[in-house]
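The structure file run-v5.cif is reproduced below (mmCIF, C-alpha atoms).
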data_model
loop_
_atom_site.group_PDB
_atom_site.id
_atom_site.type_symbol
_atom_site.label_atom_id
_atom_site.label_comp_id
_atom_site.auth_asym_id
_atom_site.auth_seq_id
_atom_site.Cartn_x
_atom_site.Cartn_y
_atom_site.Cartn_z
ATOM 1 C CA MET E 1 -15.072 -1.087 12.958
ATOM 2 C CA TRP E 2 -13.315 0.913 10.237
ATOM 3 C CA CYS E 3 -16.025 3.585 10.272
ATOM 4 C CA CYS E 4 -14.920 4.575 13.751
ATOM 5 C CA LEU E 5 -11.359 5.024 12.487
ATOM 6 C CA ALA E 6 -12.336 7.215 9.529
ATOM 7 C CA PRO E 7 -11.944 10.985 9.902
ATOM 8 C CA ALA E 8 -15.102 12.857 10.792
ATOM 9 C CA HIS E 9 -15.293 14.759 7.476
ATOM 10 C CA LEU E 10 -15.374 11.474 5.532
ATOM 11 C CA ARG E 11 -18.169 10.064 7.651
ATOM 12 C CA ILE E 12 -20.275 13.170 7.111
ATOM 13 C CA ALA E 13 -19.563 13.311 3.369
ATOM 14 C CA TYR E 14 -20.626 9.716 2.761
ATOM 15 C CA ALA E 15 -23.528 9.555 5.206
ATOM 16 C CA GLY E 16 -26.137 11.081 2.879
ATOM 17 C CA PRO E 17 -25.500 9.191 -0.370
ATOM 18 C CA VAL E 18 -24.910 5.834 1.327
ATOM 19 C CA ASP E 19 -27.963 6.163 3.534
ATOM 20 C CA GLY E 20 -30.025 7.173 0.505
ATOM 21 C CA PHE E 21 -28.841 4.168 -1.506
ATOM 22 C CA LEU E 22 -29.370 1.762 1.390
ATOM 23 C CA GLY E 23 -32.857 3.135 1.976
ATOM 24 C CA TRP E 24 -33.691 2.670 -1.712
ATOM 25 C CA TRP E 25 -32.232 -0.845 -1.691
ATOM 26 C CA ASP E 26 -34.267 -1.783 1.397
ATOM 27 C CA GLY E 27 -37.402 -0.538 -0.346
ATOM 28 C CA VAL E 28 -36.641 -2.609 -3.455
ATOM 29 C CA GLU E 29 -36.018 -5.702 -1.324
ATOM 30 C CA LEU E 30 -39.268 -5.245 0.569
ATOM 31 C CA TRP E 31 -41.215 -4.705 -2.655
ATOM 32 C CA LEU E 32 -39.613 -7.749 -4.287
ATOM 33 C CA THR E 33 -40.173 -10.069 -1.335
ATOM 34 C CA GLY E 34 -43.818 -9.006 -1.245
ATOM 35 C CA LEU E 35 -44.357 -10.336 -4.761
ATOM 36 C CA GLY E 36 -45.287 -13.906 -5.524
ATOM 37 C CA PHE E 37 -42.690 -16.396 -6.715
ATOM 38 C CA VAL E 38 -43.623 -16.156 -10.388
ATOM 39 C CA ALA E 39 -43.579 -12.349 -10.285
ATOM 40 C CA GLN E 40 -40.222 -12.379 -8.447
ATOM 41 C CA THR E 41 -38.812 -14.651 -11.129
ATOM 42 C CA ALA E 42 -40.168 -12.453 -13.912
ATOM 43 C CA VAL E 43 -38.543 -9.371 -12.349
ATOM 44 C CA VAL E 44 -35.215 -10.894 -11.283
ATOM 45 C CA MET E 45 -34.362 -13.118 -14.274
ATOM 46 C CA PRO E 46 -33.947 -10.362 -16.888
ATOM 47 C CA VAL E 47 -31.635 -8.465 -14.541
ATOM 48 C CA VAL E 48 -29.585 -11.563 -13.691
ATOM 49 C CA LEU E 49 -29.377 -12.639 -17.332
ATOM 50 C CA ALA E 50 -28.271 -9.164 -18.439
ATOM 51 C CA LEU E 51 -25.570 -9.078 -15.750
ATOM 52 C CA ALA E 52 -24.388 -12.578 -16.683
ATOM 53 C CA TYR E 53 -24.289 -11.669 -20.377
ATOM 54 C CA GLY E 54 -22.346 -8.477 -19.683
ATOM 55 C CA THR E 55 -19.892 -10.341 -17.462
ATOM 56 C CA ALA E 56 -19.420 -12.998 -20.148
ATOM 57 C CA LEU E 57 -18.722 -10.338 -22.778
ATOM 58 C CA LEU E 58 -16.150 -8.606 -20.568
ATOM 59 C CA LEU E 59 -14.396 -11.855 -19.677
ATOM 60 C CA ASP E 60 -14.419 -13.034 -23.292
ATOM 61 C CA GLY E 61 -12.856 -9.780 -24.460
ATOM 62 C CA ALA E 62 -10.263 -9.773 -21.682
ATOM 63 C CA LEU E 63 -9.278 -13.401 -22.270
ATOM 64 C CA GLY E 64 -9.204 -12.951 -26.035
ATOM 65 C CA ASN E 65 -6.926 -9.927 -25.748
ATOM 66 C CA GLY E 66 -4.733 -11.723 -23.227
ATOM 67 C CA ILE E 67 -4.321 -14.718 -25.532
ATOM 68 C CA ARG E 68 -3.582 -12.416 -28.465
ATOM 69 C CA LEU E 69 -0.863 -10.644 -26.460
ATOM 70 C CA LEU E 70 0.680 -13.940 -25.359
ATOM 71 C CA ARG E 71 0.780 -15.227 -28.940
ATOM 72 C CA ARG E 72 2.356 -11.985 -30.129
ATOM 73 C CA ALA E 73 4.997 -12.209 -27.371
ATOM 74 C CA ARG E 74 5.791 -15.832 -28.272
ATOM 75 C CA HIS E 75 6.152 -15.032 -31.958
ATOM 76 C CA GLN E 76 8.510 -12.153 -31.159
ATOM 77 C CA ASP E 77 10.596 -14.491 -28.988
ATOM 78 C CA ARG E 78 10.853 -17.026 -31.851
ATOM 79 C CA ASP E 79 11.805 -14.309 -34.352
ATOM 80 C CA SER E 80 14.603 -12.999 -32.133
ATOM 81 C CA GLU E 81 16.266 -16.452 -31.849
#
Please, can you express the file's structure as C-alpha cells?
Amino acid sequence: MWCCLAPAHLRIAYAGPVDGFLGWWDGVELWLTGLGFVAQTAVVMPVVLALAYGTALLLDGALGNGIRLLRRARHQDRDSE
C-alpha cells in the first residue's frame, strides 16, 4: 500500500537494488530447500549460531554499560546529599 504513495523517483531508485536482493534471496532459498535435512542443518546452524553470538555480545555490552551508568548516577546522587 505504501509503495503506491511513494513519489515516483523513490520507486525507481529502489527498484533495482531491492529486486536484485530479492532475486538473490529467492535463489538462496530455493537452493537451501533443495538440500537434504542434514545438509540444510550444516549450512544454517553456523549462520544462526554466529548471529546469536553477535546478538549476545551486543546485548551484553549494552546492558553492562547501562548498569555502569546507573551505578555512576546513583553514586553521584549519594555524594551530593
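One distance worth recording is that between atom CA of Gly27 of chain E and atom CA of Thr41 of chain E, which is 17.8 Å.
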Worksheet entry | Atom pair atom CA of Met45 of chain E / atom CA of Glu29 of chain E: separation (Å) | 15.0 Å
Item to complete: Rounded to one decimal place, report the atom CA of Asp79 of chain E-atom CA of Ala62 of chain E distance in Å.
Response: 25.8 Å
Would you fill out segment 19-32 of chain E with N, CA and C atoms and return it as a PDB file, in the coordinates of the input?
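Result file rebuild-v1.pdb:
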ATOM      1  N   ASP E  19     -26.671   6.392   2.889  1.00  0.00           N
ATOM      2  CA  ASP E  19     -27.963   6.163   3.534  1.00  0.00           C
ATOM      3  C   ASP E  19     -29.100   6.209   2.522  1.00  0.00           C
ATOM      4  N   GLY E  20     -28.998   7.110   1.546  1.00  0.00           N
ATOM      5  CA  GLY E  20     -30.025   7.173   0.505  1.00  0.00           C
ATOM      6  C   GLY E  20     -30.065   5.906  -0.322  1.00  0.00           C
ATOM      7  N   PHE E  21     -28.896   5.400  -0.716  1.00  0.00           N
ATOM      8  CA  PHE E  21     -28.841   4.168  -1.506  1.00  0.00           C
ATOM      9  C   PHE E  21     -29.349   2.982  -0.700  1.00  0.00           C
ATOM     10  N   LEU E  22     -28.927   2.885   0.565  1.00  0.00           N
ATOM     11  CA  LEU E  22     -29.370   1.762   1.390  1.00  0.00           C
ATOM     12  C   LEU E  22     -30.869   1.815   1.646  1.00  0.00           C
ATOM     13  N   GLY E  23     -31.410   3.012   1.817  1.00  0.00           N
ATOM     14  CA  GLY E  23     -32.857   3.135   1.976  1.00  0.00           C
ATOM     15  C   GLY E  23     -33.598   2.697   0.723  1.00  0.00           C
ATOM     16  N   TRP E  24     -33.081   3.092  -0.448  1.00  0.00           N
ATOM     17  CA  TRP E  24     -33.691   2.670  -1.712  1.00  0.00           C
ATOM     18  C   TRP E  24     -33.605   1.161  -1.857  1.00  0.00           C
ATOM     19  N   TRP E  25     -32.426   0.596  -1.550  1.00  0.00           N
ATOM     20  CA  TRP E  25     -32.232  -0.845  -1.691  1.00  0.00           C
ATOM     21  C   TRP E  25     -33.164  -1.613  -0.758  1.00  0.00           C
ATOM     22  N   ASP E  26     -33.341  -1.138   0.471  1.00  0.00           N
ATOM     23  CA  ASP E  26     -34.267  -1.783   1.397  1.00  0.00           C
ATOM     24  C   ASP E  26     -35.690  -1.748   0.855  1.00  0.00           C
ATOM     25  N   GLY E  27     -36.071  -0.634   0.241  1.00  0.00           N
ATOM     26  CA  GLY E  27     -37.402  -0.538  -0.346  1.00  0.00           C
ATOM     27  C   GLY E  27     -37.588  -1.507  -1.499  1.00  0.00           C
ATOM     28  N   VAL E  28     -36.567  -1.661  -2.335  1.00  0.00           N
ATOM     29  CA  VAL E  28     -36.641  -2.609  -3.455  1.00  0.00           C
ATOM     30  C   VAL E  28     -36.754  -4.028  -2.928  1.00  0.00           C
ATOM     31  N   GLU E  29     -35.956  -4.359  -1.906  1.00  0.00           N
ATOM     32  CA  GLU E  29     -36.018  -5.702  -1.324  1.00  0.00           C
ATOM     33  C   GLU E  29     -37.400  -5.993  -0.742  1.00  0.00           C
ATOM     34  N   LEU E  30     -37.946  -5.031  -0.018  1.00  0.00           N
ATOM     35  CA  LEU E  30     -39.268  -5.245   0.569  1.00  0.00           C
ATOM     36  C   LEU E  30     -40.329  -5.408  -0.507  1.00  0.00           C
ATOM     37  N   TRP E  31     -40.254  -4.588  -1.560  1.00  0.00           N
ATOM     38  CA  TRP E  31     -41.215  -4.705  -2.655  1.00  0.00           C
ATOM     39  C   TRP E  31     -41.086  -6.066  -3.340  1.00  0.00           C
ATOM     40  N   LEU E  32     -39.838  -6.493  -3.580  1.00  0.00           N
ATOM     41  CA  LEU E  32     -39.613  -7.749  -4.287  1.00  0.00           C
ATOM     42  C   LEU E  32     -40.056  -8.950  -3.458  1.00  0.00           C
TER      43      LEU E  32
END
